[in-house]
Amino acid sequence: MDHFNYRNGELYAEDVPVAKIAAEVGTPVYVYSTATLERHFNVFSQAFDGANALVCFAVKANSNLAVLKTLARLGAGADVVSEGELRRALAAGIPASKIVFSGVGKKPSEMELALEVGIHQFNVESEPEVHVLSDVASRMGKTAQIAFRVNPDVDAKTHAKISTGKAENKFGVPWQDASRIYGEAAKLPGIEIKGVDVHIGSQLTDLEPFANAFDRVRELVQQLRSEGHDITRVDLGGGLGIPYDGNIPPSPVSYANVALNSIGNLGCQLIFEPGRLIVGNAGILVSEVVYVKQGAERKFVILDAAMNDLVRPAMYDGYHQIDTVREPDGSVSLEAADVVGPVCETGDTFARGRDLPPVAAGDFVAFRSAGAYGAVMASTYNTRPLVPEVLVNGDHYAVIRARPELDALLELDTIPDWLES
Ligand SMILES: Cc1ncc(COP(=O)(O)O)c(C=O)c1O
Ligand SMILES: N[C@@H](CCCC[NH3+])C(=O)O
């Protein structure tokens, strides 16, 4: 459930007309709902009521400081994958004690900062990484609390580009080597082993791969304990899908049941890293129709948003429901069109043959479910300024990232001396 609904013939974000934001801030623009963010965070955490669980929002899904602060106030922790994300999480008021650090390529300088501020846990993804982490921590006179991310070789049944738990993927340590790697890491001076971590992919719409992965983790925890490791935490990652196209994925409660049935009685702290589930449906991307053009074979609705603003359709064939901001008259007949952006690539296509109510230049449309992996993946391709972001709260809204001036983009470059003359 989200808070973007038609009322009085037009789309509202909570109690604010979307057309008002589009007119005042300009388009394209991301619009987030505080109420949806809060609702989704609370529904997920309440699914684990009574369990010793820490919900670490995956900052990569949406790293806007105002979004992070909204979640921080509800008690969220953070899963970060870079120094930048770590600094954002801290700046938003998420305590270091609730931050876990994931990712296959952590650099020593990133480890240093994380140790300095005292994060909860490093999710270590390889043997070379654990050696570097031990060295960095020892040099600082500290000990890094770690879990190894294990690769359970489970098919997440999601898009290949966001599937992370197969043996062929770059993530985690190989399942069959885990026991040896834990044994060796336990001897390192800067390392304190705390747990086991797994994350098998994103936008999972079936619970079975989770169940398989979690059961493998349970077996590993039992084996590691029998080998003398004090395993007190299990990090089960994120990955639960959201309804993009009307198909309803499993609920957080049924996901929690799978997790608790598998891992619940091990006496461990349970860590979760949901991203998309919290922010996905809490955001829309609003765009203006620039032209409607009849091609030789197809009709094109050309928007002022492009693949640089929302890359999911181009990159993952992602489906986003597209609604007109003016509520369509129920009796109107839909017309199929390709919905495209102005970028000079055929891949700059949001939807092909999509049935839409008739639209004309100047109309606003909204891409649903654009709160996750939307603004964070935006680029300035075609020298288009980064898309601005707005946060609605009840009957008011704030611009939480302004559209940069084009001049700022030009100023990023410098001309070397030899070209000046
Ligand atoms: C390590 C890790 N944790 C959490 C997430 C968040 O995933 P999602 O947004 O699907 O919940 C990801 C992205 O897939 C990830 O790589
Ligand atoms: N960017 C991807 C999800 C990546 C998940 C990252 N671990 C998407 O938009 O679906």
# chains A, B, ... in the order shown; residues from 1 in each chain; ligands from 1

call {"tool": "residues_near_ligand", "arguments": {"ligand": "ligand 2", "cutoff": "7 Å", "atoms": "only C-alpha atoms and all ligand atoms", "output": "PyMOL selection string"}}
result
chain A and resi 162+201-203+312+316+372-373

call {"tool": "write_last_selection", "arguments": {"atoms": "N, CA and C atoms", "output": "short mmCIF file (atom, residue, chain, number, x, y, z; two decimals), in the first residue's frame"}}
result
data_model
loop_
_atom_site.label_atom_id
_atom_site.label_comp_id
_atom_site.auth_asym_id
_atom_site.auth_seq_id
_atom_site.Cartn_x
_atom_site.Cartn_y
_atom_site.Cartn_z
N ILE A 162 20.74 -8.99 -11.08
CA ILE A 162 20.58 -8.68 -9.65
C ILE A 162 20.48 -9.97 -8.82
N GLY A 201 20.13 -12.02 -3.61
CA GLY A 201 19.67 -11.27 -4.78
C GLY A 201 18.56 -10.32 -4.41
N SER A 202 18.09 -9.61 -5.43
CA SER A 202 17.12 -8.55 -5.21
C SER A 202 15.85 -8.83 -6.01
N GLN A 203 14.74 -8.23 -5.55
CA GLN A 203 13.44 -8.41 -6.22
C GLN A 203 13.07 -9.89 -6.31
N ARG A 312 16.19 1.71 -14.64
CA ARG A 312 15.77 0.31 -14.46
C ARG A 312 15.17 -0.33 -15.71
N TYR A 316 17.48 -3.40 -16.62
CA TYR A 316 16.98 -4.71 -16.16
C TYR A 316 15.66 -5.08 -16.81
N ALA A 372 13.06 3.16 -5.17
CA ALA A 372 14.28 2.38 -4.95
C ALA A 372 15.05 2.25 -6.25
N TYR A 373 16.36 2.44 -6.19
CA TYR A 373 17.23 2.32 -7.36
C TYR A 373 16.76 3.24 -8.48
#

call {"tool": "residues_around", "arguments": {"residues": "Arg276 (chain A)", "least_positions_apart": "6", "cutoff": "12 Å", "atoms": "only C-alpha atoms", "output": "short mmCIF file (atom, residue, chain, number, x, y, z; two decimals) with C-alpha atoms, in the first residue's frame"}}
result
data_model
loop_
_atom_site.label_atom_id
_atom_site.label_comp_id
_atom_site.auth_asym_id
_atom_site.auth_seq_id
_atom_site.Cartn_x
_atom_site.Cartn_y
_atom_site.Cartn_z
CA LEU A 37 8.33 5.13 4.03
CA HIS A 40 6.90 0.03 5.05
CA PHE A 41 9.66 0.27 7.62
CA PHE A 44 8.90 -4.96 8.06
CA PHE A 57 18.13 -0.25 5.54
CA ALA A 58 20.18 -0.89 2.36
CA VAL A 59 21.32 2.67 1.67
CA LYS A 60 22.11 1.87 -1.97
CA ALA A 61 18.38 1.74 -2.70
CA ASN A 62 17.88 5.40 -1.77
CA SER A 63 20.58 7.42 -0.08
CA GLY A 201 19.67 -11.27 -4.78
CA SER A 202 17.12 -8.55 -5.21
CA GLN A 203 13.44 -8.41 -6.22
CA LEU A 204 12.77 -12.00 -5.12
CA GLY A 237 20.53 -9.65 3.72
CA GLY A 238 17.65 -8.07 1.83
CA GLY A 239 16.00 -8.93 -1.43
CA LEU A 240 12.27 -9.27 -0.80
CA GLY A 241 10.47 -8.04 -3.92
CA ILE A 242 7.75 -5.44 -4.38
CA PRO A 243 4.71 -5.40 -6.68
CA TYR A 244 5.78 -3.56 -9.82
CA ALA A 282 7.36 5.17 -1.45
CA GLY A 283 8.46 7.06 -4.55
CA SER A 369 7.47 2.22 -7.61
CA ALA A 370 10.42 4.44 -8.45
CA GLY A 371 11.64 5.11 -4.90
CA ALA A 372 14.28 2.38 -4.95
CA TYR A 373 17.23 2.32 -7.36
CA GLY A 374 15.82 5.40 -9.06
#

call {"tool": "select_by_dssp", "arguments": {"residues": "region 31-255 of chain A", "states": "alpha helix (DSSP H)", "output": "PyMOL selection string"}}
result
chain A and resi 34-46+65-72+83-91+108-117+127-139+178-185+208-226+252-255

call {"tool": "residues_around", "arguments": {"residues": "Val359 (chain A)", "least_positions_apart": "4", "cutoff": "12 Å", "atoms": "only C-alpha atoms", "output": "list in words"}}
result
Glu288, Val289, Val290, Tyr291, Val292, Lys293, Lys299, Phe300, Val301, Ile302, Leu303, Ile322, Asp323, Thr324, Val325, Arg326, Glu327, Pro328, Val332, Ser333, Leu334, Glu335, Ala336, Ala337, Val339, Asp355, Asp363, Phe364 and Val365 of chain A

call {"tool": "write_last_selection", "arguments": {"atoms": "N, CA and C atoms", "output": "compact mmCIF listing (two decimals), in the first residue's frame"}}
result
# COMPACT_ATOMS: atom_id res chain seq x y z
N GLU A 288 7.00 15.17 -17.64
CA GLU A 288 6.06 15.87 -18.52
C GLU A 288 6.17 15.30 -19.94
N VAL A 289 5.06 15.18 -20.59
CA VAL A 289 5.07 14.76 -21.99
C VAL A 289 5.56 15.95 -22.82
N VAL A 290 6.63 15.70 -23.61
CA VAL A 290 7.17 16.78 -24.44
C VAL A 290 6.50 16.75 -25.83
N TYR A 291 6.45 15.58 -26.41
CA TYR A 291 5.79 15.42 -27.72
C TYR A 291 5.08 14.09 -27.75
N VAL A 292 4.05 14.01 -28.56
CA VAL A 292 3.48 12.73 -28.95
C VAL A 292 3.71 12.63 -30.45
N LYS A 293 4.37 11.57 -30.86
CA LYS A 293 4.81 11.49 -32.25
C LYS A 293 4.35 10.17 -32.86
N LYS A 299 3.40 4.50 -32.17
CA LYS A 299 3.23 5.83 -31.59
C LYS A 299 4.23 5.98 -30.43
N PHE A 300 4.85 7.16 -30.35
CA PHE A 300 5.83 7.41 -29.29
C PHE A 300 5.33 8.54 -28.38
N VAL A 301 5.35 8.27 -27.10
CA VAL A 301 5.12 9.35 -26.13
C VAL A 301 6.50 9.73 -25.61
N ILE A 302 6.93 10.95 -25.94
CA ILE A 302 8.29 11.39 -25.60
C ILE A 302 8.22 12.25 -24.35
N LEU A 303 8.93 11.81 -23.31
CA LEU A 303 8.89 12.48 -22.00
C LEU A 303 10.11 13.34 -21.78
N ILE A 322 2.88 3.19 -15.41
CA ILE A 322 2.89 4.61 -15.76
C ILE A 322 1.45 5.13 -15.71
N ASP A 323 1.23 6.10 -14.87
CA ASP A 323 -0.12 6.67 -14.72
C ASP A 323 -0.11 8.13 -15.13
N THR A 324 -1.22 8.57 -15.70
CA THR A 324 -1.34 10.01 -15.96
C THR A 324 -1.65 10.70 -14.64
N VAL A 325 -1.15 11.90 -14.48
CA VAL A 325 -1.38 12.62 -13.23
C VAL A 325 -2.84 13.10 -13.16
N ARG A 326 -3.40 13.44 -14.31
CA ARG A 326 -4.85 13.70 -14.33
C ARG A 326 -5.55 12.34 -14.38
N GLU A 327 -6.52 12.12 -13.53
CA GLU A 327 -7.18 10.81 -13.50
C GLU A 327 -7.91 10.57 -14.81
N PRO A 328 -7.66 9.41 -15.45
CA PRO A 328 -8.32 9.19 -16.73
C PRO A 328 -9.81 8.96 -16.53
N VAL A 332 -12.73 6.28 -21.32
CA VAL A 332 -11.82 6.56 -22.42
C VAL A 332 -11.13 5.27 -22.88
N SER A 333 -10.87 5.15 -24.18
CA SER A 333 -10.20 3.91 -24.60
C SER A 333 -8.69 4.14 -24.62
N LEU A 334 -7.98 3.08 -24.20
CA LEU A 334 -6.52 3.18 -24.07
C LEU A 334 -5.87 3.03 -25.45
N GLU A 335 -4.71 3.64 -25.58
CA GLU A 335 -3.99 3.55 -26.85
C GLU A 335 -2.56 3.08 -26.58
N ALA A 336 -2.09 2.13 -27.38
CA ALA A 336 -0.75 1.59 -27.16
C ALA A 336 0.30 2.57 -27.68
N ALA A 337 1.34 2.78 -26.88
CA ALA A 337 2.43 3.67 -27.30
C ALA A 337 3.73 3.20 -26.67
N VAL A 339 6.81 4.46 -24.64
CA VAL A 339 7.08 5.62 -23.80
C VAL A 339 8.59 5.76 -23.72
N ASP A 355 -0.35 0.35 -22.97
CA ASP A 355 -1.70 0.93 -23.10
C ASP A 355 -1.85 2.10 -22.15
N ASP A 363 1.09 17.28 -20.58
CA ASP A 363 0.51 16.43 -19.53
C ASP A 363 1.63 15.87 -18.65
N PHE A 364 1.29 15.62 -17.40
CA PHE A 364 2.25 14.96 -16.51
C PHE A 364 1.91 13.48 -16.39
N VAL A 365 2.97 12.66 -16.30
CA VAL A 365 2.77 11.23 -16.01
C VAL A 365 3.64 10.87 -14.81

call {"tool": "select_by_dssp", "arguments": {"residues": "region 151-208 of chain A", "states": "strand (DSSP E)", "output": "list in words"}}
result
Asn151, Val173, Pro174, Ile191, Glu192, Ile193, Lys194, Gly195, Val196 and Asp197 of chain A

call {"tool": "closest_residue", "arguments": {"among": "A:Arg401, A:Lys166, A:His199, A:Arg88", "to": "ligand 1", "atoms": "only C-alpha atoms and all ligand atoms"}}
result
A:His199

call {"tool": "closest_residue", "arguments": {"among": "A:Pro388, A:Pro358, A:Gly353, A:Gly275", "to": "ligand 1", "atoms": "only C-alpha atoms and all ligand atoms"}}
result
A:Gly275

call {"tool": "residues_around", "arguments": {"residues": "Gly118 (chain A)", "least_positions_apart": "3", "cutoff": "9 Å", "atoms": "only C-alpha atoms", "output": "list in words"}}
result
Ala96, Ser97, Ile99, Leu113, Ala114, Leu115, Gln121 and Ala144 of chain A

call {"tool": "write_last_selection", "arguments": {"atoms": "C-alpha atoms", "output": "PDB file, in the first residue's frame"}}
result
ATOM      1  CA  ALA A  96      27.478   3.470  13.985  1.00  0.00           C
ATOM      2  CA  SER A  97      26.412   0.654  16.297  1.00  0.00           C
ATOM      3  CA  ILE A  99      25.649   0.003  10.663  1.00  0.00           C
ATOM      4  CA  LEU A 113      36.728   5.163   8.725  1.00  0.00           C
ATOM      5  CA  ALA A 114      34.368   2.322   9.621  1.00  0.00           C
ATOM      6  CA  LEU A 115      36.678   1.173  12.429  1.00  0.00           C
ATOM      7  CA  GLN A 121      29.898  -5.360  11.627  1.00  0.00           C
ATOM      8  CA  ALA A 144      36.957  -5.610  13.528  1.00  0.00           C
TER       9      ALA A 144
END

call {"tool": "closest_residue", "arguments": {"among": "A:Phe367, A:Val399, A:Gln321, A:Ala306", "to": "Val340 (chain A)", "atoms": "only C-alpha atoms"}}
result
A:Ala306

call {"tool": "closest_residue", "arguments": {"among": "A:Ser109, A:Thr158, A:Asn8, A:Asn308", "to": "ligand 1", "atoms": "only C-alpha atoms and all ligand atoms"}}
result
A:Thr158

call {"tool": "residues_around", "arguments": {"residues": "Ala185 (chain A)", "least_positions_apart": "2", "cutoff": "10 Å", "atoms": "only C-alpha atoms", "output": "list in words"}}
result
Glu127, Val130, His131, Ser134, Ile146, Phe148, Arg180, Ile181, Tyr182, Gly183, Lys187, Leu188, Pro189, Gly190, Ile191, Glu192 and Ile193 of chain A

call {"tool": "closest_residue", "arguments": {"among": "A:Asp79, A:Glu219, A:Glu405, A:Glu227", "to": "ligand 1", "atoms": "only C-alpha atoms and all ligand atoms"}}
result
A:Asp79

call {"tool": "residues_around", "arguments": {"residues": "Leu74 (chain A)", "least_positions_apart": "2", "cutoff": "8 Å", "atoms": "only C-alpha atoms", "output": "list in words"}}
result
Glu38, Phe41, Asn42, Thr70, Leu71, Ala72 and Ala76 of chain A

call {"tool": "closest_residue", "arguments": {"among": "A:Cys56, A:Val234, A:Leu391, A:Leu266", "to": "ligand 1", "atoms": "only C-alpha atoms and all ligand atoms"}}
result
A:Cys56

call {"tool": "decode", "arguments": {"residues": "region 43-80 of chain A", "atoms": "N, CA and C atoms", "output": "mmCIF file, in the first residue's frame"}}
result
data_model
loop_
_atom_site.group_PDB
_atom_site.id
_atom_site.type_symbol
_atom_site.label_atom_id
_atom_site.label_comp_id
_atom_site.auth_asym_id
_atom_site.auth_seq_id
_atom_site.Cartn_x
_atom_site.Cartn_y
_atom_site.Cartn_z
ATOM 1 N N VAL A 43 6.072 -2.002 8.967
ATOM 2 C CA VAL A 43 5.521 -3.332 8.659
ATOM 3 C C VAL A 43 6.655 -4.362 8.669
ATOM 4 N N PHE A 44 7.794 -3.999 8.094
ATOM 5 C CA PHE A 44 8.905 -4.955 8.060
ATOM 6 C C PHE A 44 9.413 -5.215 9.477
ATOM 7 N N SER A 45 9.657 -4.169 10.243
ATOM 8 C CA SER A 45 10.229 -4.437 11.579
ATOM 9 C C SER A 45 9.228 -5.133 12.494
ATOM 10 N N GLN A 46 7.939 -4.776 12.336
ATOM 11 C CA GLN A 46 6.963 -5.442 13.219
ATOM 12 C C GLN A 46 6.831 -6.930 12.899
ATOM 13 N N ALA A 47 7.185 -7.321 11.682
ATOM 14 C CA ALA A 47 7.136 -8.751 11.351
ATOM 15 C C ALA A 47 8.126 -9.533 12.219
ATOM 16 N N PHE A 48 9.088 -8.825 12.801
ATOM 17 C CA PHE A 48 10.089 -9.488 13.648
ATOM 18 C C PHE A 48 9.927 -9.117 15.123
ATOM 19 N N ASP A 49 8.745 -8.589 15.466
ATOM 20 C CA ASP A 49 8.488 -8.234 16.866
ATOM 21 C C ASP A 49 8.764 -9.429 17.768
ATOM 22 N N GLY A 50 9.457 -9.192 18.848
ATOM 23 C CA GLY A 50 9.713 -10.283 19.782
ATOM 24 C C GLY A 50 11.010 -11.009 19.472
ATOM 25 N N ALA A 51 11.514 -10.852 18.242
ATOM 26 C CA ALA A 51 12.809 -11.471 17.901
ATOM 27 C C ALA A 51 13.903 -10.434 18.141
ATOM 28 N N ASN A 52 15.111 -10.910 18.315
ATOM 29 C CA ASN A 52 16.239 -9.992 18.475
ATOM 30 C C ASN A 52 16.723 -9.610 17.075
ATOM 31 N N ALA A 53 16.058 -8.583 16.488
ATOM 32 C CA ALA A 53 16.336 -8.264 15.081
ATOM 33 C C ALA A 53 16.784 -6.823 14.923
ATOM 34 N N LEU A 54 17.716 -6.622 14.012
ATOM 35 C CA LEU A 54 18.186 -5.277 13.654
ATOM 36 C C LEU A 54 17.915 -5.084 12.165
ATOM 37 N N VAL A 55 17.127 -4.054 11.843
ATOM 38 C CA VAL A 55 16.800 -3.799 10.433
ATOM 39 C C VAL A 55 17.722 -2.701 9.908
ATOM 40 N N CYS A 56 18.629 -3.104 9.030
ATOM 41 C CA CYS A 56 19.611 -2.174 8.467
ATOM 42 C C CYS A 56 19.186 -1.846 7.035
ATOM 43 N N PHE A 57 18.604 -0.667 6.856
ATOM 44 C CA PHE A 57 18.135 -0.253 5.537
ATOM 45 C C PHE A 57 19.308 -0.247 4.550
ATOM 46 N N ALA A 58 19.128 -0.861 3.379
ATOM 47 C CA ALA A 58 20.184 -0.887 2.357
ATOM 48 C C ALA A 58 20.236 0.484 1.688
ATOM 49 N N VAL A 59 21.230 1.257 2.091
ATOM 50 C CA VAL A 59 21.319 2.668 1.674
ATOM 51 C C VAL A 59 21.425 2.797 0.158
ATOM 52 N N LYS A 60 21.961 1.785 -0.509
ATOM 53 C CA LYS A 60 22.109 1.872 -1.971
ATOM 54 C C LYS A 60 20.767 2.078 -2.660
ATOM 55 N N ALA A 61 19.684 1.630 -2.040
ATOM 56 C CA ALA A 61 18.380 1.738 -2.701
ATOM 57 C C ALA A 61 17.907 3.190 -2.787
ATOM 58 N N ASN A 62 18.231 3.965 -1.764
ATOM 59 C CA ASN A 62 17.882 5.401 -1.775
ATOM 60 C C ASN A 62 18.694 6.071 -0.679
ATOM 61 N N SER A 63 19.652 6.888 -1.075
ATOM 62 C CA SER A 63 20.583 7.417 -0.083
ATOM 63 C C SER A 63 20.325 8.883 0.236
ATOM 64 N N ASN A 64 19.182 9.413 -0.171
ATOM 65 C CA ASN A 64 18.896 10.816 0.160
ATOM 66 C C ASN A 64 18.888 10.994 1.684
ATOM 67 N N LEU A 65 19.555 12.040 2.146
ATOM 68 C CA LEU A 65 19.701 12.236 3.602
ATOM 69 C C LEU A 65 18.351 12.368 4.300
ATOM 70 N N ALA A 66 17.390 13.003 3.646
ATOM 71 C CA ALA A 66 16.078 13.180 4.286
ATOM 72 C C ALA A 66 15.333 11.847 4.387
ATOM 73 N N VAL A 67 15.528 10.997 3.381
ATOM 74 C CA VAL A 67 14.927 9.657 3.431
ATOM 75 C C VAL A 67 15.583 8.860 4.563
ATOM 76 N N LEU A 68 16.918 8.938 4.625
ATOM 77 C CA LEU A 68 17.631 8.195 5.675
ATOM 78 C C LEU A 68 17.225 8.698 7.053
ATOM 79 N N LYS A 69 17.053 10.005 7.164
ATOM 80 C CA LYS A 69 16.702 10.568 8.473
ATOM 81 C C LYS A 69 15.290 10.138 8.889
ATOM 82 N N THR A 70 14.387 10.073 7.913
ATOM 83 C CA THR A 70 13.027 9.591 8.204
ATOM 84 C C THR A 70 13.096 8.183 8.788
ATOM 85 N N LEU A 71 13.959 7.346 8.196
ATOM 86 C CA LEU A 71 14.072 5.961 8.667
ATOM 87 C C LEU A 71 14.845 5.891 9.985
ATOM 88 N N ALA A 72 15.867 6.746 10.109
ATOM 89 C CA ALA A 72 16.664 6.756 11.351
ATOM 90 C C ALA A 72 15.762 7.041 12.548
ATOM 91 N N ARG A 73 14.796 7.948 12.354
ATOM 92 C CA ARG A 73 13.917 8.312 13.470
ATOM 93 C C ARG A 73 13.017 7.159 13.889
ATOM 94 N N LEU A 74 12.862 6.172 12.992
ATOM 95 C CA LEU A 74 12.061 4.987 13.340
ATOM 96 C C LEU A 74 12.938 3.898 13.947
ATOM 97 N N GLY A 75 14.226 4.154 14.035
ATOM 98 C CA GLY A 75 15.125 3.165 14.643
ATOM 99 C C GLY A 75 15.905 2.330 13.648
ATOM 100 N N ALA A 76 15.875 2.738 12.380
ATOM 101 C CA ALA A 76 16.570 1.930 11.366
ATOM 102 C C ALA A 76 18.079 1.969 11.552
ATOM 103 N N GLY A 77 18.713 0.853 11.256
ATOM 104 C CA GLY A 77 20.153 0.818 11.057
ATOM 105 C C GLY A 77 20.417 0.972 9.565
ATOM 106 N N ALA A 78 21.672 0.758 9.151
ATOM 107 C CA ALA A 78 21.998 0.920 7.739
ATOM 108 C C ALA A 78 22.961 -0.162 7.277
ATOM 109 N N ASP A 79 22.735 -0.610 6.051
ATOM 110 C CA ASP A 79 23.691 -1.464 5.346
ATOM 111 C C ASP A 79 24.350 -0.573 4.311
ATOM 112 N N VAL A 80 25.660 -0.382 4.428
ATOM 113 C CA VAL A 80 26.356 0.528 3.515
ATOM 114 C C VAL A 80 27.402 -0.244 2.716
#
